[in-house]
file final-v5.cif (mmCIF, C-alpha atoms and all ligand atoms)
data_work
#
loop_
_atom_site.label_atom_id
_atom_site.label_comp_id
_atom_site.auth_asym_id
_atom_site.auth_seq_id
_atom_site.Cartn_x
_atom_site.Cartn_y
_atom_site.Cartn_z
CA MET Y 1 -0.94 -86.11 -1.22
CA ALA Y 2 -2.85 -83.27 -2.87
CA GLN Y 3 -6.59 -83.83 -3.33
CA LEU Y 4 -8.25 -84.05 -6.71
CA GLN Y 5 -9.27 -80.57 -7.84
CA ARG Y 6 -12.22 -79.83 -10.11
CA ILE Y 7 -11.10 -77.34 -12.71
CA GLY Y 8 -12.84 -74.75 -14.89
CA ILE Y 9 -11.11 -73.04 -17.81
CA VAL Y 10 -12.69 -69.81 -18.99
CA GLY Y 11 -11.54 -69.02 -22.52
CA GLY Y 12 -10.99 -72.57 -23.73
CA THR Y 13 -11.06 -71.81 -27.46
CA GLY Y 14 -8.06 -69.47 -27.19
CA TYR Y 15 -4.41 -70.40 -27.48
CA ALA Y 16 -3.58 -70.06 -23.79
CA GLY Y 17 -6.77 -71.82 -22.64
CA ALA Y 18 -6.22 -74.72 -25.03
CA GLU Y 19 -2.61 -75.07 -23.91
CA LEU Y 20 -3.82 -75.15 -20.32
CA LEU Y 21 -6.22 -77.94 -21.19
CA ARG Y 22 -3.44 -79.85 -22.98
CA LEU Y 23 -1.33 -79.71 -19.82
CA LEU Y 24 -4.07 -80.35 -17.28
CA VAL Y 25 -5.37 -83.52 -18.92
CA SER Y 26 -2.20 -85.26 -17.75
CA HIS Y 27 -2.28 -83.80 -14.23
CA PRO Y 28 -2.94 -86.49 -11.61
CA GLN Y 29 -4.70 -84.08 -9.23
CA ALA Y 30 -6.79 -82.18 -11.80
CA LYS Y 31 -10.12 -83.05 -13.33
CA VAL Y 32 -11.25 -80.50 -15.88
CA VAL Y 33 -15.03 -80.23 -15.57
CA ALA Y 34 -15.84 -77.04 -17.49
CA VAL Y 35 -14.25 -75.40 -20.53
CA THR Y 36 -15.96 -72.26 -21.73
CA SER Y 37 -16.63 -70.56 -25.01
CA ARG Y 38 -19.27 -68.00 -25.75
CA GLY Y 39 -19.42 -68.81 -29.46
CA ASP Y 40 -18.89 -72.58 -29.41
CA ALA Y 41 -20.97 -73.55 -26.35
CA GLY Y 42 -22.61 -76.91 -26.92
CA THR Y 43 -19.98 -78.19 -29.35
CA PRO Y 44 -17.25 -80.73 -28.49
CA VAL Y 45 -13.94 -79.29 -27.34
CA ALA Y 46 -12.17 -81.86 -29.51
CA ASP Y 47 -13.86 -80.42 -32.61
CA ALA Y 48 -11.93 -77.20 -32.03
CA TYR Y 49 -8.67 -78.99 -31.19
CA PRO Y 50 -8.55 -82.46 -32.81
CA GLN Y 51 -5.29 -83.07 -30.92
CA LEU Y 52 -7.60 -83.59 -27.93
CA ARG Y 53 -9.84 -86.22 -29.61
CA GLY Y 54 -10.02 -89.25 -27.37
CA VAL Y 55 -8.50 -87.27 -24.51
CA VAL Y 56 -11.11 -84.62 -23.71
CA ASP Y 57 -14.74 -85.69 -23.76
CA LEU Y 58 -16.37 -82.37 -22.87
CA ASP Y 59 -18.51 -79.86 -24.74
CA PHE Y 60 -17.77 -76.17 -24.41
CA VAL Y 61 -20.14 -74.40 -22.04
CA ALA Y 62 -21.00 -70.73 -21.72
CA PRO Y 63 -18.90 -68.80 -19.19
CA ASP Y 64 -21.76 -68.56 -16.67
CA ALA Y 65 -21.56 -68.88 -12.90
CA ASP Y 66 -23.77 -71.98 -13.01
CA ASN Y 67 -21.34 -73.79 -15.27
CA LEU Y 68 -18.44 -73.05 -12.90
CA ALA Y 69 -20.34 -73.82 -9.70
CA ASP Y 70 -18.76 -77.27 -9.32
CA CYS Y 71 -15.17 -76.06 -9.68
CA ASP Y 72 -12.59 -75.81 -6.94
CA VAL Y 73 -10.20 -73.80 -9.12
CA VAL Y 74 -11.06 -71.56 -12.07
CA PHE Y 75 -8.45 -70.48 -14.60
CA PHE Y 76 -9.16 -67.42 -16.73
CA ALA Y 77 -7.51 -67.39 -20.16
CA THR Y 78 -9.56 -64.47 -21.41
CA PRO Y 79 -8.56 -61.10 -22.86
CA HIS Y 80 -7.86 -58.39 -20.31
CA ALA Y 81 -10.82 -56.74 -18.59
CA ALA Y 82 -12.95 -59.92 -18.67
CA ALA Y 83 -11.91 -61.89 -15.56
CA MET Y 84 -12.32 -58.91 -13.23
CA HIS Y 85 -16.10 -59.02 -13.76
CA ASP Y 86 -16.43 -62.60 -12.50
CA VAL Y 87 -13.63 -63.02 -9.99
CA PRO Y 88 -15.35 -61.34 -7.00
CA ALA Y 89 -18.30 -63.76 -7.06
CA LEU Y 90 -16.05 -66.79 -7.58
CA LEU Y 91 -13.89 -65.85 -4.59
CA GLU Y 92 -17.02 -65.19 -2.57
CA ALA Y 93 -18.15 -68.72 -3.45
CA GLY Y 94 -14.90 -70.09 -2.04
CA LYS Y 95 -13.15 -70.90 -5.29
CA ARG Y 96 -9.53 -70.23 -6.04
CA VAL Y 97 -8.76 -68.29 -9.19
CA ILE Y 98 -5.70 -68.31 -11.42
CA ASP Y 99 -5.87 -65.48 -13.93
CA LEU Y 100 -3.64 -65.65 -17.00
CA SER Y 101 -4.76 -62.20 -18.10
CA ALA Y 102 -3.53 -58.82 -16.95
CA ASP Y 103 -6.45 -57.91 -14.70
CA PHE Y 104 -4.67 -58.29 -11.37
CA ARG Y 105 -1.02 -57.83 -12.32
CA LEU Y 106 -0.57 -54.11 -11.70
CA ARG Y 107 -0.81 -52.97 -8.09
CA ASP Y 108 -1.91 -49.44 -9.02
CA ALA Y 109 -5.48 -49.42 -10.35
CA SER Y 110 -5.06 -46.02 -11.99
CA LEU Y 111 -1.95 -47.25 -13.81
CA TRP Y 112 -3.97 -50.27 -14.90
CA ALA Y 113 -6.74 -48.02 -16.24
CA GLN Y 114 -4.17 -45.92 -18.09
CA TRP Y 115 -2.61 -48.92 -19.88
CA TYR Y 116 -5.70 -51.06 -20.35
CA GLY Y 117 -8.11 -48.28 -21.34
CA THR Y 118 -10.90 -48.93 -18.85
CA ASP Y 119 -11.47 -48.58 -15.13
CA HIS Y 120 -10.87 -51.61 -12.93
CA VAL Y 121 -14.17 -52.92 -11.58
CA CYS Y 122 -12.79 -54.53 -8.39
CA PRO Y 123 -9.67 -52.58 -7.40
CA GLU Y 124 -10.13 -53.79 -3.82
CA LEU Y 125 -9.06 -57.28 -4.93
CA ILE Y 126 -5.79 -56.21 -6.54
CA GLU Y 127 -3.93 -56.26 -3.25
CA ARG Y 128 -5.21 -59.77 -2.55
CA ALA Y 129 -3.75 -61.08 -5.79
CA VAL Y 130 -0.31 -62.69 -5.71
CA TYR Y 131 1.91 -62.17 -8.73
CA GLY Y 132 2.27 -65.68 -10.12
CA LEU Y 133 5.98 -65.94 -10.79
CA PRO Y 134 7.11 -68.88 -8.61
CA GLU Y 135 10.78 -67.89 -8.79
CA LEU Y 136 9.79 -64.71 -6.92
CA ASN Y 137 6.75 -65.58 -4.86
CA ARG Y 138 6.71 -69.31 -4.23
CA ASP Y 139 5.46 -69.16 -0.64
CA ARG Y 140 2.82 -66.52 -1.24
CA ILE Y 141 1.44 -68.33 -4.28
CA ALA Y 142 1.00 -71.48 -2.20
CA GLY Y 143 -1.40 -69.70 0.15
CA ALA Y 144 -3.19 -67.54 -2.42
CA ASP Y 145 -6.77 -67.71 -3.56
CA LEU Y 146 -6.18 -65.25 -6.41
CA VAL Y 147 -3.07 -65.52 -8.56
CA ALA Y 148 -2.19 -63.03 -11.29
CA CYS Y 149 0.05 -64.84 -13.74
CA PRO Y 150 2.68 -62.62 -15.36
CA GLY Y 151 2.68 -61.62 -18.98
CA CYS Y 152 4.87 -63.55 -21.38
CA TYR Y 153 7.42 -60.79 -21.99
CA PRO Y 154 7.64 -59.97 -18.25
CA THR Y 155 8.42 -63.61 -17.45
CA ALA Y 156 11.40 -63.73 -19.82
CA VAL Y 157 12.66 -60.26 -18.91
CA ILE Y 158 12.28 -60.48 -15.12
CA LEU Y 159 13.94 -63.90 -14.88
CA GLY Y 160 16.82 -62.64 -17.01
CA PHE Y 161 17.48 -59.48 -15.01
CA LYS Y 162 16.73 -60.85 -11.54
CA PRO Y 163 20.19 -62.16 -10.53
CA LEU Y 164 21.89 -58.96 -11.69
CA ILE Y 165 19.48 -56.72 -9.81
CA ASP Y 166 19.37 -58.86 -6.67
CA ALA Y 167 23.16 -58.69 -6.51
CA GLY Y 168 23.18 -54.93 -7.19
CA LEU Y 169 25.62 -55.43 -10.04
CA VAL Y 170 23.96 -53.27 -12.69
CA ASP Y 171 23.12 -49.60 -12.90
CA LYS Y 172 19.35 -49.80 -12.34
CA ASP Y 173 18.73 -46.98 -14.82
CA SER Y 174 20.64 -48.60 -17.67
CA LEU Y 175 18.35 -51.55 -18.38
CA ILE Y 176 17.38 -52.44 -21.94
CA ALA Y 177 15.12 -55.30 -22.98
CA ASP Y 178 15.03 -56.06 -26.68
CA ALA Y 179 12.45 -58.83 -27.00
CA LYS Y 180 10.95 -60.90 -29.82
CA THR Y 181 7.75 -62.92 -29.79
CA GLY Y 182 5.99 -65.40 -32.01
CA VAL Y 183 2.55 -64.73 -33.44
CA SER Y 184 0.57 -66.89 -30.99
CA GLY Y 185 1.27 -64.14 -28.44
CA ALA Y 186 -1.42 -62.12 -30.15
CA GLY Y 187 -4.11 -64.76 -29.52
CA LYS Y 188 -6.44 -66.51 -31.90
CA SER Y 189 -8.85 -63.73 -32.81
CA LEU Y 190 -8.58 -62.39 -36.34
CA LYS Y 191 -6.41 -59.32 -36.78
CA PRO Y 192 -5.21 -58.23 -40.23
CA GLY Y 193 -1.63 -57.54 -39.10
CA PHE Y 194 -1.24 -61.19 -38.14
CA LEU Y 195 -2.36 -62.70 -41.44
CA PHE Y 196 0.26 -64.98 -43.01
CA ALA Y 197 0.79 -62.62 -45.95
CA GLU Y 198 1.25 -59.66 -43.63
CA MET Y 199 3.82 -61.07 -41.26
CA HIS Y 200 5.52 -64.06 -42.85
CA ASP Y 201 9.10 -63.49 -44.09
CA SER Y 202 9.26 -60.14 -42.32
CA PHE Y 203 10.19 -58.80 -38.90
CA LYS Y 204 9.20 -55.63 -37.09
CA ALA Y 205 9.24 -53.76 -33.82
CA TYR Y 206 5.96 -52.61 -32.30
CA GLY Y 207 4.85 -50.78 -29.18
CA VAL Y 208 8.10 -48.81 -29.20
CA ALA Y 209 6.49 -45.74 -27.65
CA GLY Y 210 5.10 -47.86 -24.84
CA HIS Y 211 3.85 -51.42 -24.44
CA ARG Y 212 1.49 -52.50 -21.63
CA HIS Y 213 4.11 -54.90 -20.32
CA LEU Y 214 6.45 -51.99 -19.57
CA PRO Y 215 4.69 -50.94 -16.33
CA GLU Y 216 4.41 -54.58 -15.26
CA ILE Y 217 8.12 -55.26 -15.76
CA ARG Y 218 9.08 -51.98 -14.10
CA GLN Y 219 6.87 -52.76 -11.12
CA ILE Y 220 8.59 -56.09 -10.46
CA LEU Y 221 12.14 -54.99 -11.26
CA GLY Y 222 11.49 -51.99 -9.01
CA ASP Y 223 10.53 -54.39 -6.20
CA LEU Y 224 13.79 -56.25 -6.69
CA ALA Y 225 15.86 -53.06 -6.84
CA LYS Y 226 13.84 -51.47 -4.00
CA ASP Y 227 13.69 -48.35 -6.17
CA ASP Y 228 12.31 -47.26 -9.54
CA VAL Y 229 14.28 -48.64 -12.45
CA GLY Y 230 14.97 -47.06 -15.83
CA LEU Y 231 14.00 -49.60 -18.48
CA THR Y 232 13.77 -49.36 -22.26
CA PHE Y 233 11.59 -52.19 -23.55
CA VAL Y 234 11.08 -52.78 -27.28
CA PRO Y 235 9.01 -55.79 -28.39
CA HIS Y 236 9.27 -57.29 -31.88
CA LEU Y 237 7.09 -59.67 -33.87
CA VAL Y 238 8.88 -62.46 -35.71
CA PRO Y 239 7.30 -64.96 -38.10
CA MET Y 240 7.24 -68.01 -35.84
CA ILE Y 241 4.30 -69.46 -33.97
CA ARG Y 242 5.66 -69.87 -30.43
CA GLY Y 243 8.52 -68.45 -28.45
CA ILE Y 244 9.97 -65.38 -26.81
CA HIS Y 245 13.60 -64.40 -27.05
CA ALA Y 246 14.70 -61.50 -24.86
CA THR Y 247 18.13 -59.94 -25.20
CA LEU Y 248 18.76 -57.91 -22.05
CA TYR Y 249 21.46 -55.32 -21.45
CA GLY Y 250 22.64 -53.73 -18.22
CA ARG Y 251 25.71 -51.64 -17.43
CA LEU Y 252 27.85 -53.32 -14.78
CA ASN Y 253 29.01 -51.22 -11.88
CA THR Y 254 31.57 -53.74 -10.69
CA GLN Y 255 33.46 -56.82 -11.85
CA ALA Y 256 31.93 -60.18 -10.92
CA ASP Y 257 31.75 -63.77 -12.09
CA LEU Y 258 28.37 -63.56 -13.81
CA GLN Y 259 28.23 -67.22 -14.75
CA THR Y 260 28.59 -68.29 -11.12
CA LEU Y 261 26.10 -65.65 -10.02
CA PHE Y 262 23.43 -66.94 -12.38
CA GLU Y 263 24.11 -70.59 -11.62
CA THR Y 264 23.91 -69.93 -7.88
CA SER Y 265 20.80 -67.77 -8.18
CA TYR Y 266 18.84 -70.41 -9.99
CA ALA Y 267 20.27 -73.52 -8.33
CA GLY Y 268 17.33 -75.75 -7.48
CA GLU Y 269 14.83 -73.87 -9.64
CA PRO Y 270 12.96 -76.56 -11.58
CA PHE Y 271 12.08 -74.31 -14.51
CA VAL Y 272 15.08 -72.04 -14.99
CA ASP Y 273 18.06 -73.52 -16.78
CA VAL Y 274 21.28 -71.49 -16.76
CA LEU Y 275 23.25 -72.58 -19.80
CA PRO Y 276 27.02 -73.04 -19.88
CA ALA Y 277 29.19 -69.99 -20.52
CA GLY Y 278 29.09 -68.86 -24.14
CA ALA Y 279 25.78 -70.54 -25.00
CA THR Y 280 23.06 -68.93 -27.11
CA PRO Y 281 19.61 -70.36 -26.34
CA GLU Y 282 17.06 -70.65 -29.12
CA THR Y 283 13.28 -70.47 -28.90
CA ARG Y 284 13.04 -74.01 -30.33
CA HIS Y 285 14.95 -75.27 -27.29
CA VAL Y 286 11.95 -74.45 -25.10
CA ARG Y 287 9.04 -74.98 -27.48
CA GLY Y 288 6.22 -76.87 -25.77
CA GLY Y 289 8.03 -77.01 -22.41
CA ASN Y 290 7.88 -74.93 -19.23
CA MET Y 291 11.58 -74.15 -19.07
CA CYS Y 292 13.15 -70.70 -19.21
CA ARG Y 293 16.68 -71.07 -20.58
CA ILE Y 294 19.13 -68.31 -19.81
CA ALA Y 295 22.68 -67.50 -20.86
CA VAL Y 296 24.76 -64.63 -19.51
CA HIS Y 297 27.54 -62.94 -21.47
CA ARG Y 298 29.92 -60.04 -21.13
CA PRO Y 299 30.94 -59.19 -24.71
CA GLY Y 300 34.64 -58.39 -24.99
CA GLY Y 301 34.97 -58.50 -21.22
CA GLY Y 302 33.48 -55.00 -21.18
CA ASP Y 303 31.14 -53.28 -18.74
CA THR Y 304 27.85 -54.47 -20.26
CA ALA Y 305 26.13 -57.65 -19.16
CA VAL Y 306 24.09 -59.29 -21.92
CA VAL Y 307 21.52 -61.87 -20.85
CA LEU Y 308 19.68 -64.09 -23.33
CA SER Y 309 16.39 -65.46 -22.01
CA VAL Y 310 14.04 -67.74 -23.93
CA ILE Y 311 10.63 -69.20 -23.08
CA ASP Y 312 7.64 -70.64 -24.87
CA ASN Y 313 5.12 -67.80 -24.56
CA LEU Y 314 2.23 -70.27 -24.27
CA VAL Y 315 3.89 -72.46 -21.63
CA LYS Y 316 6.28 -70.71 -19.19
CA GLY Y 317 4.79 -67.46 -20.56
CA ALA Y 318 1.18 -68.47 -19.82
CA ALA Y 319 -0.38 -71.93 -19.31
CA GLY Y 320 2.66 -73.74 -17.89
CA GLN Y 321 3.32 -70.96 -15.43
CA ALA Y 322 -0.34 -71.12 -14.39
CA VAL Y 323 -0.03 -74.88 -13.80
CA GLN Y 324 3.19 -74.33 -11.85
CA CYS Y 325 1.27 -71.92 -9.61
CA PHE Y 326 -1.63 -74.39 -9.33
CA ASN Y 327 0.82 -77.06 -8.18
CA LEU Y 328 2.11 -74.78 -5.44
CA MET Y 329 -1.44 -73.88 -4.40
CA ILE Y 330 -2.52 -77.50 -3.97
CA ASP Y 331 0.78 -78.72 -2.54
CA ALA Y 332 1.47 -81.01 -5.48
CA PRO Y 333 4.99 -81.55 -6.85
CA GLU Y 334 5.87 -78.32 -8.66
CA ASN Y 335 6.52 -80.17 -11.91
CA SER Y 336 3.23 -82.10 -12.01
CA ALA Y 337 2.02 -82.11 -15.64
CA LEU Y 338 5.08 -80.05 -16.56
CA ALA Y 339 7.88 -82.58 -16.46
CA ALA Y 340 7.94 -83.40 -20.17
CA PRO Y 341 10.69 -81.63 -22.13
CA GLY Y 342 9.68 -79.47 -25.06
CA ALA Y 343 9.13 -80.65 -28.60
CA LEU Y 344 12.03 -81.88 -30.74
CA PRO Y 345 13.22 -80.44 -33.06
N1 LIG B 1 -1.05 -65.91 -26.12
C1 LIG B 1 -0.02 -65.75 -25.26
O1 LIG B 1 1.14 -65.99 -25.60
C2 LIG B 1 -0.28 -65.29 -23.87
C3 LIG B 1 -1.53 -64.93 -23.44
N2 LIG B 1 -1.71 -64.47 -22.16
C4 LIG B 1 -3.00 -64.00 -21.74
O2 LIG B 1 -3.95 -65.05 -21.74
C5 LIG B 1 -5.21 -64.53 -22.11
C6 LIG B 1 -5.72 -65.31 -23.30
O3 LIG B 1 -4.83 -65.11 -24.37
P1 LIG B 1 -4.97 -65.91 -25.74
O4 LIG B 1 -5.28 -67.33 -25.47
O5 LIG B 1 -3.79 -65.57 -26.52
O6 LIG B 1 -6.27 -65.21 -26.37
P2 LIG B 1 -7.27 -65.76 -27.44
O7 LIG B 1 -7.83 -64.58 -28.12
O8 LIG B 1 -6.61 -66.83 -28.25
O9 LIG B 1 -8.40 -66.45 -26.55
C7 LIG B 1 -9.25 -65.73 -25.72
C8 LIG B 1 -10.32 -66.66 -25.16
O10 LIG B 1 -11.17 -65.94 -24.29
C9 LIG B 1 -12.54 -66.13 -24.65
N3 LIG B 1 -13.20 -64.87 -24.35
C10 LIG B 1 -13.03 -63.68 -24.98
N4 LIG B 1 -13.73 -62.70 -24.36
C11 LIG B 1 -14.37 -63.30 -23.32
C12 LIG B 1 -15.24 -62.83 -22.31
N5 LIG B 1 -15.60 -61.55 -22.24
N6 LIG B 1 -15.72 -63.71 -21.41
C13 LIG B 1 -15.37 -65.02 -21.46
N7 LIG B 1 -14.53 -65.53 -22.41
C14 LIG B 1 -14.04 -64.68 -23.31
C15 LIG B 1 -12.51 -66.54 -26.11
O11 LIG B 1 -13.49 -67.47 -26.41
P3 LIG B 1 -14.97 -67.19 -26.90
O12 LIG B 1 -14.92 -65.94 -27.74
O13 LIG B 1 -15.30 -68.42 -27.66
O14 LIG B 1 -15.75 -67.06 -25.65
C16 LIG B 1 -11.19 -67.30 -26.19
O15 LIG B 1 -11.37 -68.64 -25.80
C17 LIG B 1 -5.03 -63.06 -22.42
O16 LIG B 1 -5.36 -62.27 -21.31
C18 LIG B 1 -3.57 -62.95 -22.68
O17 LIG B 1 -3.12 -61.69 -22.34
C19 LIG B 1 -0.68 -64.43 -21.27
C20 LIG B 1 0.57 -64.76 -21.64
C21 LIG B 1 0.88 -65.22 -22.99
C1 LIG B 2 2.34 -60.60 -30.79
C2 LIG B 2 1.59 -59.93 -29.68
O1 LIG B 2 0.72 -59.14 -29.91
N1 LIG B 2 1.93 -60.28 -28.46
C3 LIG B 2 1.28 -59.78 -27.32
C4 LIG B 2 1.92 -60.45 -26.18
C5 LIG B 2 1.20 -60.14 -24.94
C6 LIG B 2 0.71 -61.33 -24.20
O2 LIG B 2 0.24 -62.30 -24.69
O3 LIG B 2 0.78 -61.24 -22.90
P1 LIG B 2 -0.42 -60.74 -22.02
O4 LIG B 2 -1.53 -60.49 -22.97
O5 LIG B 2 -0.63 -61.82 -21.11
O6 LIG B 2 -0.13 -59.50 -21.29
C7 LIG B 2 1.40 -58.27 -27.19
O7 LIG B 2 2.41 -57.69 -27.50
O8 LIG B 2 0.45 -57.67 -26.66
#

call {"tool": "encode", "arguments": {"input": "final-v5.cif", "output": "structure tokens"}}
result
Amino acid sequence: MAQLQRIGIVGGTGYAGAELLRLLVSHPQAKVVAVTSRGDAGTPVADAYPQLRGVVDLDFVAPDADNLADCDVVFFATPHAAAMHDVPALLEAGKRVIDLSADFRLRDASLWAQWYGTDHVCPELIERAVYGLPELNRDRIAGADLVACPGCYPTAVILGFKPLIDAGLVDKDSLIADAKTGVSGAGKSLKPGFLFAEMHDSFKAYGVAGHRHLPEIRQILGDLAKDDVGLTFVPHLVPMIRGIHATLYGRLNTQADLQTLFETSYAGEPFVDVLPAGATPETRHVRGGNMCRIAVHRPGGGDTAVVLSVIDNLVKGAAGQAVQCFNLMIDAPENSALAAPGALP
């Protein structure tokens, strides 16, 4: 039986941090003892999220070392380039860290600096971090003291391509990921492009020339292919709050039963659901839950595999994935606090 863990959440006013709190309050082995905010320190957490009234009886605290001193595990749900300043001291103090941000995802610190616009302050820790995608790294996550949770787009894209690449069925230079996200992916801070009047009833691509998730996806798909992959990745913003829908294309180099391949690949995976042949998953089918639902198609029986992969960006794309990693790290059932299905409808 896993022991009770004292938890700190850095970035508790944000969407991912709040979602983490929502999940962890029902975790039998977690006791959240610190939730941070720089601006709202001293005010009740439930004032920011009335959904948590009567459930969370904590005030926000400043993200200082003193306020995290009692924690066994610290989750960072902060913008990129924040966690890396505090993680070295936390590890030194014997705490385990689960980072939802991008600070430890890329193995190459110079690539990280190129995409994130600042030098990494603790590149020596990057190698110690385990990429927190359980479907890839279950055993390593269990023994890790620093977990780098994947980005939301990478989760949907990697899980969708993985069976095809593992089986060597697609031309590794032919990969295309056409992905759509809801607005909560941009976080809670005010940005004019995400105002209701700017994005409602409209739909657009962004980051076409290059999005920071491109090097992350290429790194992992390259690991699977054991070679560099050629990937075109185009994200889109759609006027919904939660959800990612990735439509993935790869040119097949041989005939195979793709449905059986996907079902076999993910047999036993608690949070990947391969849908029956012909299905088209929707983002609302995963909203609020930790499931990634996948369907594989071959339009017209041709030589292109089309994979549809949907997740909730705030759950399997962020907080749920972090809890799944936490469960592995403390030897709790992998679905602790994650067993509830998503919201209906
Ligand atoms: N939203 C999503 O769908 C996903 C998000 N992520 C990642 O999770 C992280 C959080 O994202 P999200 O919740 O959307 O972002 P938000 O902007 O909604 O929240 C960010 C949080 O971090 C706090 N914060 C900001 N700067 C600092 C700092 N320097 N030190 C300590 N706390 C800080 C903010 O609180 P305050 O200002 O009050 O201190 C706030 O609580 C990001 O790294 C994001 O990339 C990952 C996958 C999906
Ligand atoms: C709409 C929107 O802006 N979405 C974000 C999604 C990224 C995300 O949340 O993931 P990480 O920050 O964890 O890498 C973006 O494209 O940057």

call {"tool": "closest_atom_pairs", "arguments": {"input": "final-v5.cif", "of": "chain Y", "to": "ligand LIG 2 (chain B)", "cutoff": "6 Å", "atoms": "only C-alpha atoms and all ligand atoms", "output": "JSON lines"}}
result
{"residue": "Y:Ser101", "atom": "CA", "partner": "B:LIG2", "partner_atom": "O5", "distance": 5.1}
{"residue": "Y:Ala102", "atom": "CA", "partner": "B:LIG2", "partner_atom": "O6", "distance": 5.6}
{"residue": "Y:Gly151", "atom": "CA", "partner": "B:LIG2", "partner_atom": "O5", "distance": 3.9}
{"residue": "Y:Cys152", "atom": "CA", "partner": "B:LIG2", "partner_atom": "O3", "distance": 4.9}
{"residue": "Y:Thr181", "atom": "CA", "partner": "B:LIG2", "partner_atom": "C1", "distance": 6.0}
{"residue": "Y:Val183", "atom": "CA", "partner": "B:LIG2", "partner_atom": "C1", "distance": 4.9}
{"residue": "Y:Gly185", "atom": "CA", "partner": "B:LIG2", "partner_atom": "N1", "distance": 3.9}
{"residue": "Y:Ala186", "atom": "CA", "partner": "B:LIG2", "partner_atom": "O1", "distance": 3.7}
{"residue": "Y:Leu237", "atom": "CA", "partner": "B:LIG2", "partner_atom": "C1", "distance": 5.7}

call {"tool": "axis_aligned_box", "arguments": {"input": "final-v5.cif", "around": "ligand LIG 1 (chain B)", "padding_each_side": "8 Å", "output": "JSON"}}
result
{"center_x": -7.3, "center_y": -65.1, "center_z": -24.8, "size_x": 32.9, "size_y": 23.1, "size_z": 23.0}

call {"tool": "residues_near_ligand", "arguments": {"input": "final-v5.cif", "ligand": "ligand LIG 1 (chain B)", "cutoff": "6 Å", "atoms": "only C-alpha atoms and all ligand atoms", "output": "MDAnalysis selection string"}}
result
chainID Y and resid 10:17 37:40 63 77:80 82 100:102 151:152 184:189 313:314 317:318

call {"tool": "residues_around", "arguments": {"input": "final-v5.cif", "residues": "range 334-341 of chain Y", "least_positions_apart": "5", "cutoff": "10 Å", "atoms": "all atoms listed in the file", "output": "ChimeraX atom specification"}}
result
/Y:22-30,134,270-271,285-291,315-316,320-321,323-329

call {"tool": "write_last_selection", "arguments": {"input": "final-v5.cif", "atoms": "C-alpha atoms", "output": "PDB file, keeping the file's coordinate frame"}}
result
ATOM      1  CA  ARG Y  22      -3.440 -79.850 -22.980  1.00  0.00           C
ATOM      2  CA  LEU Y  23      -1.330 -79.710 -19.820  1.00  0.00           C
ATOM      3  CA  LEU Y  24      -4.070 -80.350 -17.280  1.00  0.00           C
ATOM      4  CA  VAL Y  25      -5.370 -83.520 -18.920  1.00  0.00           C
ATOM      5  CA  SER Y  26      -2.200 -85.260 -17.750  1.00  0.00           C
ATOM      6  CA  HIS Y  27      -2.280 -83.800 -14.230  1.00  0.00           C
ATOM      7  CA  PRO Y  28      -2.940 -86.490 -11.610  1.00  0.00           C
ATOM      8  CA  GLN Y  29      -4.700 -84.080  -9.230  1.00  0.00           C
ATOM      9  CA  ALA Y  30      -6.790 -82.180 -11.800  1.00  0.00           C
ATOM     10  CA  PRO Y 134       7.110 -68.880  -8.610  1.00  0.00           C
ATOM     11  CA  PRO Y 270      12.960 -76.560 -11.580  1.00  0.00           C
ATOM     12  CA  PHE Y 271      12.080 -74.310 -14.510  1.00  0.00           C
ATOM     13  CA  HIS Y 285      14.950 -75.270 -27.290  1.00  0.00           C
ATOM     14  CA  VAL Y 286      11.950 -74.450 -25.100  1.00  0.00           C
ATOM     15  CA  ARG Y 287       9.040 -74.980 -27.480  1.00  0.00           C
ATOM     16  CA  GLY Y 288       6.220 -76.870 -25.770  1.00  0.00           C
ATOM     17  CA  GLY Y 289       8.030 -77.010 -22.410  1.00  0.00           C
ATOM     18  CA  ASN Y 290       7.880 -74.930 -19.230  1.00  0.00           C
ATOM     19  CA  MET Y 291      11.580 -74.150 -19.070  1.00  0.00           C
ATOM     20  CA  VAL Y 315       3.890 -72.460 -21.630  1.00  0.00           C
ATOM     21  CA  LYS Y 316       6.280 -70.710 -19.190  1.00  0.00           C
ATOM     22  CA  GLY Y 320       2.660 -73.740 -17.890  1.00  0.00           C
ATOM     23  CA  GLN Y 321       3.320 -70.960 -15.430  1.00  0.00           C
ATOM     24  CA  VAL Y 323      -0.030 -74.880 -13.800  1.00  0.00           C
ATOM     25  CA  GLN Y 324       3.190 -74.330 -11.850  1.00  0.00           C
ATOM     26  CA  CYS Y 325       1.270 -71.920  -9.610  1.00  0.00           C
ATOM     27  CA  PHE Y 326      -1.630 -74.390  -9.330  1.00  0.00           C
ATOM     28  CA  ASN Y 327       0.820 -77.060  -8.180  1.00  0.00           C
ATOM     29  CA  LEU Y 328       2.110 -74.780  -5.440  1.00  0.00           C
ATOM     30  CA  MET Y 329      -1.440 -73.880  -4.400  1.00  0.00           C
TER      31      MET Y 329
END

call {"tool": "closest_residue", "arguments": {"input": "final-v5.cif", "among": "Y:Arg251, Y:Arg128, Y:Arg6, Y:Arg298", "to": "Ala69 in chain Y", "atoms": "only C-alpha atoms"}}
result
Y:Arg6

call {"tool": "closest_residue", "arguments": {"input": "final-v5.cif", "among": "Y:Gly132, Y:Asp145, Y:Phe60, Y:Val35", "to": "Pro88 in chain Y", "atoms": "all atoms listed in the file"}}
result
Y:Asp145
